[in-house]
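Participant: Pasting in a structure now, in structure tokens, and then I'll have a few things to ask.
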Amino acid sequence: MSAGRLIRLGAVVLALLAMGGPAWAELRIDVTGGTVTPMPIAIPSFATAGGGEAEAGRDIPGIVSADLRNSGLFRLVDPLSAAADPPASPNFAAWRQSGAQALVTGTAGALPDGRVRVEFRLWDVYARQQLAGFGYTTRPQNWRRVAHIIADEVYKRLTGEDGYFDTRIVYIADSGPANRRITRLAIMDQDGANNRYLTDGRALVLTPRFSPSAQEITYLSYAGGTPRVYLYNIDTGQQEVIGDFPGMSFAPRFSPDGNRVVMSRIQRGISNIYVLDLRTHGAPIRLTNGDWIDTSPCYSPDGSKIVFTSDRGGSQQLYVMNADGSGVHRISFGAGRYGDPVWSPHGDMIAFTKIDEGSFYVGVMRPDGSGERLLVKDFLVAEPTWAPNGRVLMFYRQGRTGADGSGGHSHLYTIDLTGYNEHQVPTRGDASDPAWSPLLR
């Protein structure tokens, strides 16, 4: 069963009222500036009938609060002073006195068939108006997804942008001593919850990537000593070998329609870009042909372009070409060497890593190479990946290794596109090579 079917999102709108112009203007958050004053929002516990439902009434608002707080665009207001309000008729005067501009109320209840019903309402405290209201029916074990979906709805209504909380991260989990590292493919919710391992650690695995449907992952494995590209179905746990590709340097990335993958392969010391049609399973078609190193290809969101890394100009730089391999042109011209390019979901930016004077950076630029901005600098930062709304980046950071070989731990971090609001994503151990899924529904 696909992730989107686990929850009946049911377009059950809870008396959605028309908003006046002044109320919308007041609550709209400017998410384009370099700095943002977080909007004060209150999210009290949801009303329940007691019993086991009381836990969901507390936990769901807690997850919604954490999602919104971590976005950097919201500040949580202490809800205790007015938490006893009926969900459908808040005491706006009390909430306004608490400092809240927006308010989320809700209910959580059990149905006779064992499922749970969760409803929420988003309010403009100053205009005394309901801005949104929806209901969700699901199995009890999916309560965290309901919370993320509610956070997405609130985020979208108050910022004008799509949310990114009902998503997953696939990454490489590392453990063991330095001379016997174990790597496993792992997956978790975007906030670090529900972590589980997809491979057993008996073979080296690298560079996982999500399909556009968010239900399949490609990754590179050295099982048996030969680099093979696997396609892993998250729902069923089944996997298949796409092909054996000796000399592969990076696992493939999907085309936006999911029908093709693009990859780099090294043959006789030269790396070129290839595309493979997953429908025909024919031989890979070579897109570049030269005596240089072309690697790390990534499609644009419309599938018409590919960005990649090449040293054809004498140093490692970023290039863009048409999807058929024509029209190659360089887009990076700054100091240092560039790598790990990945197109944003909106197509307006390309994220990358950069090495200059011994330091690593994560940065972004426009597809024509203009507007380069460096967001993060450290000993080692790499593998940026975009949230599906194109506002947040995740990457991994590795610390320095001690003189005795200790240290060098790697962790996942997120940062806002403006370069603010960086924070670590919790994982069970060392983590690298993250890839962000599309929205699950």
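Chain labels run A, B, ... following the order of the structure tokens; each chain numbers its residues from 1, and ligands are numbered from 1 in the order shown.
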Hey, what's within 10 Å of segment 434-438 of chain A if we count only C-alpha atoms and toss same-chain stuff fewer than 4 positions away? As a ChimeraX atom specification, please?
Facilitator: /A:164,166-173,186-187,189-190,207-217,345,382-389,393-396,411-413
Participant: Need the shell around Asp368 of chain A: protein/DNA/RNA residues with any atom at most 9 Å away, counting only C-alpha atoms. Skip same-chain ones fewer than 5 positions apart. Format as a list in words?
Facilitator: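 Returned residues: Val320, Arg330, Ile331 and Ser332 of chain A.
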Participant: Where does DSSP see strand (DSSP E) in segment 148-297 of chain A, if you list the residues as a ChimeraX atom specification?
Facilitator: /A:168-175,182-189,196-197,205-210,216-221,228-233,239-244,248-254,260-267,270-277,285-286,294-297
Participant: For those residues, write C-alpha atoms to a file as a compact mmCIF listing (two decimals), in the first residue's frame.
Facilitator:
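Dumped everything to out32.txt:
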# COMPACT_ATOMS: atom_id res chain seq x y z
CA ARG A 168 11.21 11.12 4.40
CA ILE A 169 14.98 11.13 4.28
CA VAL A 170 17.02 8.22 2.96
CA TYR A 171 20.68 8.26 3.94
CA ILE A 172 23.78 6.17 4.60
CA ALA A 173 24.17 5.08 8.24
CA ASP A 174 27.80 4.44 9.28
CA SER A 175 28.96 2.52 12.33
CA ILE A 182 29.68 -0.77 8.30
CA THR A 183 27.41 1.14 5.93
CA ARG A 184 23.67 0.59 5.76
CA LEU A 185 20.91 2.18 3.78
CA ALA A 186 18.52 3.85 6.24
CA ILE A 187 15.27 5.78 6.04
CA MET A 188 13.49 8.06 8.50
CA ASP A 189 10.96 10.87 8.72
CA ARG A 196 14.83 1.96 10.13
CA TYR A 197 17.52 0.18 8.16
CA VAL A 205 26.28 1.06 -0.10
CA LEU A 206 26.48 4.60 -1.45
CA THR A 207 24.50 7.57 -2.77
CA PRO A 208 20.80 6.71 -2.38
CA ARG A 209 18.27 8.69 -4.43
CA PHE A 210 14.45 8.88 -4.34
CA GLU A 216 11.39 3.74 -4.81
CA ILE A 217 15.07 4.37 -4.13
CA THR A 218 18.11 3.81 -6.30
CA TYR A 219 21.44 3.19 -4.62
CA LEU A 220 24.87 1.87 -5.45
CA SER A 221 26.05 -1.34 -3.79
CA ARG A 228 25.61 -2.58 -9.02
CA VAL A 229 22.69 -0.19 -9.11
CA TYR A 230 19.65 -1.40 -7.18
CA LEU A 231 16.04 -0.25 -7.27
CA TYR A 232 14.42 -0.65 -3.82
CA ASN A 233 10.65 -0.51 -3.27
CA GLN A 239 14.64 -4.78 -4.78
CA GLU A 240 15.97 -5.48 -8.23
CA VAL A 241 19.27 -4.93 -9.97
CA ILE A 242 19.04 -2.28 -12.67
CA GLY A 243 22.40 -3.38 -14.01
CA ASP A 244 26.07 -4.07 -13.41
CA MET A 248 30.43 3.65 -11.86
CA SER A 249 31.32 6.64 -9.73
CA PHE A 250 27.85 7.79 -8.60
CA ALA A 251 24.45 6.15 -8.31
CA PRO A 252 21.85 7.31 -10.82
CA ARG A 253 19.38 10.11 -10.39
CA PHE A 254 15.86 9.70 -11.74
CA ARG A 260 15.02 7.18 -16.93
CA VAL A 261 18.10 7.47 -14.76
CA VAL A 262 21.22 9.46 -15.49
CA MET A 263 24.62 8.40 -14.16
CA SER A 264 28.38 8.65 -14.62
CA ARG A 265 30.72 5.75 -15.47
CA ILE A 266 34.50 5.54 -15.57
CA GLN A 267 36.04 3.58 -18.41
CA ILE A 270 37.67 8.65 -18.34
CA SER A 271 34.26 9.40 -16.84
CA ASN A 272 31.23 10.18 -19.01
CA ILE A 273 27.52 10.75 -18.47
CA TYR A 274 25.04 8.03 -19.49
CA VAL A 275 21.26 7.72 -19.48
CA LEU A 276 19.37 4.45 -19.00
CA ASP A 277 15.72 3.89 -19.96
CA ILE A 285 23.25 5.74 -23.91
CA ARG A 286 26.32 7.94 -23.58
CA ASP A 294 32.26 14.23 -16.29
CA THR A 295 30.29 13.13 -13.24
CA SER A 296 27.44 13.86 -10.75
CA PRO A 297 24.62 14.47 -13.25
Participant: Hey, what's within 8 Å of Leu417 of chain A if we count only C-alpha atoms and toss same-chain stuff fewer than 6 positions away? As JSON, numbers by chain, please?
Facilitator: {"A": [375, 390, 391, 392, 393]}
Participant: For the residues selected in the previous step, produce a file with C-alpha atoms as a PDB file, in the first residue's frame.
Facilitator:
ATOM      1  CA  LEU A 375      25.473  29.139   2.898  1.00  0.00           C
ATOM      2  CA  GLY A 390      12.726  24.376  -2.533  1.00  0.00           C
ATOM      3  CA  ARG A 391      13.268  26.478   0.603  1.00  0.00           C
ATOM      4  CA  VAL A 392      15.373  24.205   2.841  1.00  0.00           C
ATOM      5  CA  LEU A 393      18.548  22.230   2.156  1.00  0.00           C
TER       6      LEU A 393
END
Participant: How many Å separate atom CA of Pro227 of chain A from atom CA of Arg337 of chain A?
Facilitator: 26.5 Å
Participant: Could you jot down the atom CA of Gly72 of chain A to atom CA of Val36 of chain A separation for me, Å, one decimal place?
Facilitator: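 A separation of 7.9 Å between them.
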Participant: Give me the residues within 8 Å of Trp343 of chain A as a list in words, counting only C-alpha atoms and dropping any in the same chain fewer than 3 places off.
Facilitator: Cys298, Tyr299, Ser300, Pro301, Val307, Gly347, Asp348, Met349, Ile350 and Ala351 of chain A
Participant: To one decimal in Å, tell me the separation between atom CA of Trp143 of chain A and atom CA of Gly163 of chain A.
Facilitator: 17.8 Å
Participant: Leaving out segment 54-69 of chain A and any residue of its chain fewer than 6 positions from it, which residues lie within 6 Å of it when counting only C-alpha atoms, given as a list in words?
Facilitator: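 Here the qualifying residues turn out to be Ser45, Phe46, Thr48, Ala108, Ala147 and Ala151 of chain A.
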Participant: Write down as a ChimeraX atom specification the residues belonging to segment 80-168 of chain A that are assigned helix (DSSP H, G or I) by DSSP computed on the backbone.
Facilitator: /A:80-82,92-98,140-159
